[in-house]
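Listing of target_0.cif; format and content: mmCIF, N, CA, C and O atoms.
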data_structure
#
loop_
_atom_site.group_PDB
_atom_site.id
_atom_site.type_symbol
_atom_site.label_atom_id
_atom_site.label_comp_id
_atom_site.auth_asym_id
_atom_site.auth_seq_id
_atom_site.Cartn_x
_atom_site.Cartn_y
_atom_site.Cartn_z
ATOM 1 N N MET C 1 -41.800 -17.772 -18.689
ATOM 2 C CA MET C 1 -42.231 -16.534 -18.063
ATOM 3 C C MET C 1 -41.544 -16.362 -16.703
ATOM 4 O O MET C 1 -41.051 -15.291 -16.404
ATOM 5 N N GLU C 2 -41.556 -17.434 -15.904
ATOM 6 C CA GLU C 2 -40.922 -17.343 -14.578
ATOM 7 C C GLU C 2 -39.411 -17.159 -14.694
ATOM 8 O O GLU C 2 -38.807 -16.494 -13.868
ATOM 9 N N ALA C 3 -38.851 -17.790 -15.702
ATOM 10 C CA ALA C 3 -37.400 -17.669 -15.888
ATOM 11 C C ALA C 3 -37.020 -16.225 -16.211
ATOM 12 O O ALA C 3 -36.008 -15.728 -15.724
ATOM 13 N N SER C 4 -37.833 -15.565 -17.031
ATOM 14 C CA SER C 4 -37.516 -14.180 -17.391
ATOM 15 C C SER C 4 -37.710 -13.245 -16.188
ATOM 16 O O SER C 4 -36.940 -12.308 -16.004
ATOM 17 N N VAL C 5 -38.711 -13.506 -15.364
ATOM 18 C CA VAL C 5 -38.942 -12.701 -14.168
ATOM 19 C C VAL C 5 -37.774 -12.877 -13.196
ATOM 20 O O VAL C 5 -37.259 -11.909 -12.627
ATOM 21 N N ALA C 6 -37.323 -14.099 -13.034
ATOM 22 C CA ALA C 6 -36.194 -14.366 -12.144
ATOM 23 C C ALA C 6 -34.921 -13.727 -12.687
ATOM 24 O O ALA C 6 -34.120 -13.185 -11.924
ATOM 25 N N ALA C 7 -34.745 -13.765 -14.000
ATOM 26 C CA ALA C 7 -33.561 -13.160 -14.608
ATOM 27 C C ALA C 7 -33.567 -11.647 -14.421
ATOM 28 O O ALA C 7 -32.529 -11.041 -14.142
ATOM 29 N N ILE C 8 -34.744 -11.038 -14.557
ATOM 30 C CA ILE C 8 -34.853 -9.591 -14.374
ATOM 31 C C ILE C 8 -34.557 -9.217 -12.929
ATOM 32 O O ILE C 8 -33.828 -8.266 -12.652
ATOM 33 N N LYS C 9 -35.105 -9.980 -11.991
ATOM 34 C CA LYS C 9 -34.848 -9.706 -10.574
ATOM 35 C C LYS C 9 -33.374 -9.860 -10.243
ATOM 36 O O LYS C 9 -32.803 -9.063 -9.492
ATOM 37 N N GLU C 10 -32.742 -10.879 -10.809
ATOM 38 C CA GLU C 10 -31.320 -11.100 -10.578
ATOM 39 C C GLU C 10 -30.493 -9.949 -11.153
ATOM 40 O O GLU C 10 -29.560 -9.461 -10.508
ATOM 41 N N LYS C 11 -30.866 -9.488 -12.344
ATOM 42 C CA LYS C 11 -30.154 -8.382 -12.985
ATOM 43 C C LYS C 11 -30.291 -7.103 -12.156
ATOM 44 O O LYS C 11 -29.308 -6.375 -11.943
ATOM 45 N N LEU C 12 -31.484 -6.829 -11.648
ATOM 46 C CA LEU C 12 -31.698 -5.645 -10.824
ATOM 47 C C LEU C 12 -30.911 -5.731 -9.521
ATOM 48 O O LEU C 12 -30.357 -4.732 -9.051
ATOM 49 N N GLN C 13 -30.839 -6.916 -8.942
ATOM 50 C CA GLN C 13 -30.066 -7.099 -7.714
ATOM 51 C C GLN C 13 -28.578 -6.885 -7.970
ATOM 52 O O GLN C 13 -27.895 -6.268 -7.159
ATOM 53 N N GLU C 14 -28.088 -7.367 -9.105
ATOM 54 C CA GLU C 14 -26.687 -7.150 -9.471
ATOM 55 C C GLU C 14 -26.389 -5.664 -9.627
ATOM 56 O O GLU C 14 -25.365 -5.174 -9.150
ATOM 57 N N ARG C 15 -27.274 -4.942 -10.285
ATOM 58 C CA ARG C 15 -27.095 -3.499 -10.460
ATOM 59 C C ARG C 15 -27.047 -2.795 -9.110
ATOM 60 O O ARG C 15 -26.198 -1.942 -8.880
ATOM 61 N N GLU C 16 -27.994 -3.129 -8.257
ATOM 62 C CA GLU C 16 -28.074 -2.505 -6.942
ATOM 63 C C GLU C 16 -26.802 -2.766 -6.133
ATOM 64 O O GLU C 16 -26.264 -1.861 -5.499
ATOM 65 N N ASN C 17 -26.330 -4.002 -6.164
ATOM 66 C CA ASN C 17 -25.101 -4.344 -5.435
ATOM 67 C C ASN C 17 -23.895 -3.593 -5.989
ATOM 68 O O ASN C 17 -23.053 -3.116 -5.238
ATOM 69 N N HIS C 18 -23.822 -3.507 -7.306
ATOM 70 C CA HIS C 18 -22.707 -2.806 -7.949
ATOM 71 C C HIS C 18 -22.691 -1.329 -7.550
ATOM 72 O O HIS C 18 -21.652 -0.784 -7.177
ATOM 73 N N ILE C 19 -23.840 -0.689 -7.608
ATOM 74 C CA ILE C 19 -23.927 0.724 -7.261
ATOM 75 C C ILE C 19 -23.635 0.936 -5.784
ATOM 76 O O ILE C 19 -22.923 1.866 -5.402
ATOM 77 N N ARG C 20 -24.130 0.056 -4.936
ATOM 78 C CA ARG C 20 -23.883 0.173 -3.501
ATOM 79 C C ARG C 20 -22.390 0.064 -3.193
ATOM 80 O O ARG C 20 -21.835 0.863 -2.442
ATOM 81 N N GLU C 21 -21.722 -0.914 -3.784
ATOM 82 C CA GLU C 21 -20.288 -1.089 -3.565
ATOM 83 C C GLU C 21 -19.504 0.123 -4.072
ATOM 84 O O GLU C 21 -18.553 0.565 -3.444
ATOM 85 N N SER C 22 -19.923 0.653 -5.207
ATOM 86 C CA SER C 22 -19.255 1.817 -5.766
ATOM 87 C C SER C 22 -19.381 3.016 -4.829
ATOM 88 O O SER C 22 -18.411 3.738 -4.590
ATOM 89 N N TRP C 23 -20.548 3.211 -4.250
ATOM 90 C CA TRP C 23 -20.745 4.328 -3.327
ATOM 91 C C TRP C 23 -20.003 4.116 -2.019
ATOM 92 O O TRP C 23 -19.500 5.079 -1.421
ATOM 93 N N VAL C 24 -19.921 2.899 -1.550
ATOM 94 C CA VAL C 24 -19.164 2.630 -0.329
ATOM 95 C C VAL C 24 -17.700 3.009 -0.531
ATOM 96 O O VAL C 24 -17.077 3.656 0.330
ATOM 97 N N LYS C 25 -17.143 2.651 -1.669
ATOM 98 C CA LYS C 25 -15.752 2.998 -1.959
ATOM 99 C C LYS C 25 -15.569 4.504 -2.085
ATOM 100 O O LYS C 25 -14.567 5.059 -1.630
ATOM 101 N N ALA C 26 -16.543 5.185 -2.690
ATOM 102 C CA ALA C 26 -16.460 6.639 -2.820
ATOM 103 C C ALA C 26 -16.526 7.308 -1.445
ATOM 104 O O ALA C 26 -15.805 8.273 -1.171
ATOM 105 N N MET C 27 -17.362 6.802 -0.563
ATOM 106 C CA MET C 27 -17.468 7.371 0.776
ATOM 107 C C MET C 27 -16.209 7.086 1.600
ATOM 108 O O MET C 27 -15.824 7.893 2.448
ATOM 109 N N GLU C 28 -15.562 5.959 1.330
ATOM 110 C CA GLU C 28 -14.298 5.663 1.999
ATOM 111 C C GLU C 28 -13.254 6.720 1.626
ATOM 112 O O GLU C 28 -12.532 7.231 2.491
ATOM 113 N N ALA C 29 -13.209 7.089 0.349
ATOM 114 C CA ALA C 29 -12.278 8.130 -0.095
ATOM 115 C C ALA C 29 -12.632 9.462 0.554
ATOM 116 O O ALA C 29 -11.744 10.228 0.947
ATOM 117 N N ARG C 30 -13.897 9.730 0.715
ATOM 118 C CA ARG C 30 -14.327 10.975 1.359
ATOM 119 C C ARG C 30 -13.877 11.030 2.815
ATOM 120 O O ARG C 30 -13.413 12.065 3.300
ATOM 121 N N LEU C 31 -14.000 9.910 3.518
ATOM 122 C CA LEU C 31 -13.559 9.861 4.910
ATOM 123 C C LEU C 31 -12.054 10.074 5.028
ATOM 124 O O LEU C 31 -11.586 10.780 5.924
ATOM 125 N N VAL C 32 -11.301 9.479 4.120
ATOM 126 C CA VAL C 32 -9.843 9.658 4.132
ATOM 127 C C VAL C 32 -9.504 11.114 3.849
ATOM 128 O O VAL C 32 -8.602 11.686 4.474
ATOM 129 N N ARG C 33 -10.237 11.753 2.945
ATOM 130 C CA ARG C 33 -10.001 13.165 2.642
ATOM 131 C C ARG C 33 -10.262 14.038 3.870
ATOM 132 O O ARG C 33 -9.496 14.958 4.169
ATOM 133 N N GLU C 34 -11.329 13.737 4.604
ATOM 134 C CA GLU C 34 -11.631 14.498 5.818
ATOM 135 C C GLU C 34 -10.532 14.320 6.861
ATOM 136 O O GLU C 34 -10.129 15.284 7.519
ATOM 137 N N GLU C 35 -10.042 13.093 7.012
ATOM 138 C CA GLU C 35 -8.952 12.847 7.962
ATOM 139 C C GLU C 35 -7.672 13.556 7.529
ATOM 140 O O GLU C 35 -6.912 14.045 8.358
ATOM 141 N N LEU C 36 -7.452 13.619 6.228
ATOM 142 C CA LEU C 36 -6.285 14.328 5.708
ATOM 143 C C LEU C 36 -6.369 15.815 6.034
ATOM 144 O O LEU C 36 -5.378 16.429 6.427
ATOM 145 N N GLY C 37 -7.541 16.388 5.905
ATOM 146 C CA GLY C 37 -7.734 17.790 6.264
ATOM 147 C C GLY C 37 -7.465 18.038 7.741
ATOM 148 O O GLY C 37 -6.826 19.026 8.120
ATOM 149 N N LYS C 38 -7.948 17.125 8.579
ATOM 150 C CA LYS C 38 -7.705 17.246 10.021
ATOM 151 C C LYS C 38 -6.214 17.143 10.322
ATOM 152 O O LYS C 38 -5.684 17.879 11.157
ATOM 153 N N CYS C 39 -5.545 16.234 9.650
ATOM 154 C CA CYS C 39 -4.112 16.040 9.852
ATOM 155 C C CYS C 39 -3.345 17.293 9.442
ATOM 156 O O CYS C 39 -2.435 17.726 10.139
ATOM 157 N N HIS C 40 -3.724 17.898 8.324
ATOM 158 C CA HIS C 40 -3.051 19.113 7.856
ATOM 159 C C HIS C 40 -3.192 20.226 8.879
ATOM 160 O O HIS C 40 -2.234 20.940 9.165
ATOM 161 N N LYS C 41 -4.383 20.380 9.434
ATOM 162 C CA LYS C 41 -4.605 21.438 10.418
ATOM 163 C C LYS C 41 -3.860 21.166 11.710
ATOM 164 O O LYS C 41 -3.305 22.069 12.326
ATOM 165 N N ALA C 42 -3.846 19.909 12.140
ATOM 166 C CA ALA C 42 -3.224 19.568 13.419
ATOM 167 C C ALA C 42 -1.703 19.632 13.351
ATOM 168 O O ALA C 42 -1.059 20.048 14.316
ATOM 169 N N GLU C 43 -1.122 19.240 12.230
ATOM 170 C CA GLU C 43 0.330 19.153 12.134
ATOM 171 C C GLU C 43 1.001 20.470 11.773
ATOM 172 O O GLU C 43 2.191 20.644 12.001
ATOM 173 N N GLY C 44 0.263 21.381 11.182
ATOM 174 C CA GLY C 44 0.842 22.679 10.834
ATOM 175 C C GLY C 44 1.895 22.563 9.746
ATOM 176 O O GLY C 44 1.665 21.962 8.706
ATOM 177 N N VAL C 45 3.078 23.124 10.011
ATOM 178 C CA VAL C 45 4.107 23.170 8.972
ATOM 179 C C VAL C 45 4.725 21.798 8.696
ATOM 180 O O VAL C 45 5.365 21.605 7.670
ATOM 181 N N ASN C 46 4.554 20.854 9.590
ATOM 182 C CA ASN C 46 5.135 19.521 9.399
ATOM 183 C C ASN C 46 4.175 18.549 8.699
ATOM 184 O O ASN C 46 4.421 17.353 8.678
ATOM 185 N N HIS C 47 3.095 19.069 8.157
ATOM 186 C CA HIS C 47 2.103 18.165 7.572
ATOM 187 C C HIS C 47 2.627 17.408 6.361
ATOM 188 O O HIS C 47 2.143 16.327 6.061
ATOM 189 N N TYR C 48 3.626 17.924 5.665
ATOM 190 C CA TYR C 48 4.170 17.204 4.506
ATOM 191 C C TYR C 48 4.797 15.879 4.932
ATOM 192 O O TYR C 48 4.650 14.869 4.243
ATOM 193 N N GLU C 49 5.458 15.870 6.051
ATOM 194 C CA GLU C 49 6.101 14.645 6.531
ATOM 195 C C GLU C 49 5.127 13.752 7.286
ATOM 196 O O GLU C 49 5.103 12.543 7.094
ATOM 197 N N ASN C 50 4.325 14.347 8.169
ATOM 198 C CA ASN C 50 3.493 13.558 9.075
ATOM 199 C C ASN C 50 2.204 13.045 8.443
ATOM 200 O O ASN C 50 1.613 12.096 8.951
ATOM 201 N N CYS C 51 1.759 13.657 7.379
ATOM 202 C CA CYS C 51 0.502 13.238 6.742
ATOM 203 C C CYS C 51 0.734 12.601 5.375
ATOM 204 O O CYS C 51 -0.222 12.389 4.624
ATOM 205 N N LYS C 52 1.962 12.306 5.049
ATOM 206 C CA LYS C 52 2.291 11.777 3.723
ATOM 207 C C LYS C 52 1.573 10.461 3.444
ATOM 208 O O LYS C 52 1.006 10.268 2.372
ATOM 209 N N TRP C 53 1.562 9.565 4.414
ATOM 210 C CA TRP C 53 0.920 8.258 4.218
ATOM 211 C C TRP C 53 -0.568 8.423 3.946
ATOM 212 O O TRP C 53 -1.143 7.700 3.132
ATOM 213 N N LEU C 54 -1.188 9.411 4.591
ATOM 214 C CA LEU C 54 -2.618 9.640 4.399
ATOM 215 C C LEU C 54 -2.894 10.223 3.014
ATOM 216 O O LEU C 54 -3.853 9.834 2.343
ATOM 217 N N SER C 55 -2.034 11.127 2.572
ATOM 218 C CA SER C 55 -2.228 11.705 1.241
ATOM 219 C C SER C 55 -1.995 10.670 0.146
ATOM 220 O O SER C 55 -2.699 10.661 -0.864
ATOM 221 N N GLU C 56 -1.032 9.766 0.354
ATOM 222 C CA GLU C 56 -0.801 8.707 -0.629
ATOM 223 C C GLU C 56 -1.988 7.742 -0.689
ATOM 224 O O GLU C 56 -2.386 7.307 -1.767
ATOM 225 N N LYS C 57 -2.550 7.450 0.472
ATOM 226 C CA LYS C 57 -3.726 6.575 0.498
ATOM 227 C C LYS C 57 -4.891 7.244 -0.213
ATOM 228 O O LYS C 57 -5.619 6.601 -0.975
ATOM 229 N N TYR C 58 -5.063 8.534 0.013
ATOM 230 C CA TYR C 58 -6.148 9.269 -0.629
ATOM 231 C C TYR C 58 -5.978 9.283 -2.144
ATOM 232 O O TYR C 58 -6.938 9.058 -2.888
ATOM 233 N N LEU C 59 -4.773 9.516 -2.622
ATOM 234 C CA LEU C 59 -4.528 9.506 -4.069
ATOM 235 C C LEU C 59 -4.803 8.134 -4.674
ATOM 236 O O LEU C 59 -5.362 8.026 -5.767
ATOM 237 N N THR C 60 -4.420 7.094 -3.964
ATOM 238 C CA THR C 60 -4.694 5.740 -4.446
ATOM 239 C C THR C 60 -6.196 5.487 -4.531
ATOM 240 O O THR C 60 -6.687 4.923 -5.512
ATOM 241 N N LEU C 61 -6.920 5.923 -3.508
ATOM 242 C CA LEU C 61 -8.377 5.741 -3.516
ATOM 243 C C LEU C 61 -9.026 6.546 -4.633
ATOM 244 O O LEU C 61 -9.989 6.086 -5.252
ATOM 245 N N LEU C 62 -8.522 7.737 -4.909
ATOM 246 C CA LEU C 62 -9.082 8.537 -6.000
ATOM 247 C C LEU C 62 -8.889 7.856 -7.349
ATOM 248 O O LEU C 62 -9.760 7.909 -8.212
ATOM 249 N N ARG C 63 -7.748 7.223 -7.523
ATOM 250 C CA ARG C 63 -7.473 6.554 -8.809
ATOM 251 C C ARG C 63 -8.332 5.308 -8.994
ATOM 252 O O ARG C 63 -8.753 5.001 -10.103
ATOM 253 N N THR C 64 -8.565 4.580 -7.913
ATOM 254 C CA THR C 64 -9.214 3.276 -8.061
ATOM 255 C C THR C 64 -10.710 3.284 -7.775
ATOM 256 O O THR C 64 -11.441 2.492 -8.361
ATOM 257 N N ASN C 65 -11.180 4.142 -6.895
ATOM 258 C CA ASN C 65 -12.575 4.071 -6.451
ATOM 259 C C ASN C 65 -13.415 5.180 -7.047
ATOM 260 O O ASN C 65 -13.731 6.169 -6.413
ATOM 261 N N ARG C 66 -13.816 5.000 -8.247
ATOM 262 C CA ARG C 66 -14.705 5.958 -8.895
ATOM 263 C C ARG C 66 -16.120 5.391 -8.917
ATOM 264 O O ARG C 66 -16.309 4.191 -9.035
ATOM 265 N N VAL C 67 -17.090 6.289 -8.828
ATOM 266 C CA VAL C 67 -18.484 5.855 -8.921
ATOM 267 C C VAL C 67 -18.767 5.558 -10.374
ATOM 268 O O VAL C 67 -18.582 6.400 -11.242
ATOM 269 N N LYS C 68 -19.187 4.333 -10.637
ATOM 270 C CA LYS C 68 -19.443 3.911 -12.008
ATOM 271 C C LYS C 68 -20.867 3.396 -12.100
ATOM 272 O O LYS C 68 -21.379 2.764 -11.184
ATOM 273 N N GLY C 69 -21.486 3.655 -13.214
ATOM 274 C CA GLY C 69 -22.821 3.149 -13.459
ATOM 275 C C GLY C 69 -22.744 1.690 -13.893
ATOM 276 O O GLY C 69 -21.681 1.113 -14.056
ATOM 277 N N TYR C 70 -23.886 1.105 -14.085
ATOM 278 C CA TYR C 70 -23.933 -0.305 -14.461
ATOM 279 C C TYR C 70 -23.964 -0.502 -15.962
ATOM 280 O O TYR C 70 -23.783 -1.604 -16.448
ATOM 281 N N LYS C 71 -24.165 0.567 -16.735
ATOM 282 C CA LYS C 71 -24.192 0.438 -18.185
ATOM 283 C C LYS C 71 -22.801 0.650 -18.746
ATOM 284 O O LYS C 71 -22.064 1.512 -18.283
ATOM 285 N N VAL C 72 -22.450 -0.100 -19.760
ATOM 286 C CA VAL C 72 -21.190 0.056 -20.439
ATOM 287 C C VAL C 72 -21.506 0.442 -21.895
ATOM 288 O O VAL C 72 -22.206 -0.277 -22.603
ATOM 289 N N ILE C 73 -20.980 1.591 -22.286
ATOM 290 C CA ILE C 73 -21.240 2.085 -23.643
ATOM 291 C C ILE C 73 -19.921 2.074 -24.403
ATOM 292 O O ILE C 73 -18.957 2.727 -23.990
ATOM 293 N N ASP C 74 -19.857 1.330 -25.457
ATOM 294 C CA ASP C 74 -18.667 1.283 -26.297
ATOM 295 C C ASP C 74 -18.742 2.403 -27.321
ATOM 296 O O ASP C 74 -19.764 2.593 -27.986
ATOM 297 N N THR C 75 -17.648 3.150 -27.434
ATOM 298 C CA THR C 75 -17.647 4.235 -28.426
ATOM 299 C C THR C 75 -16.584 4.013 -29.453
ATOM 300 O O THR C 75 -15.629 3.336 -29.281
#
Output the file's structure as structure tokens, nothing else.
Amino acid sequence: MEASVAAIKEKLQERENHIRESWVKAMEARLVREELGKCHKAEGVNHYENCKWLSEKYLTLLRTNRVKGYKVIDT
């Protein structure tokens, strides 16, 4: 009985940690997007050259940091 209670608590903690990490990564991408917007406004016509590194970082974050649930469904 105690083993199953401990296993359930451990599983819930794993889920919570997974979701928290996923949201932290998503918010990181959001912050980079906001900085990219500021850079575009500040640089004007030169934003393609001066903000390129920021846009590349944002694209990388979009590809890798998606919010994912803890359930895996095979189809």
Quiz prompt | Target residues per the PyMOL selection byres ((chain C and resi 10-26) around 8), formatted as a ChimeraX atom specification | solution = /C:3-9,27-33,61-62,64-70
Quiz item: as number ranges by chain, which residues of chain C does DSSP assign to alpha helix (DSSP H)?
Solution: C: 2-43, 47-50, 52-64
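For the pair CA of Leu54 in chain C and CA of Cys39 in chain C, the separation is 8.5 Å.
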Exercise. Could you check how far CA of Lys57 in chain C sits from CA of Lys71 in chain C, in Å to one decimal?
Key: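 CA of Lys71 in chain C lies at a distance of 28.4 Å from CA of Lys57 in chain C.
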Exercise. Rounded to one decimal place, report the atom C of Arg63 in chain C-atom O of Ala42 in chain C distance in Å.
Key: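 Pair atom C of Arg63 in chain C / atom O of Ala42 in chain C returns 28.5 Å.
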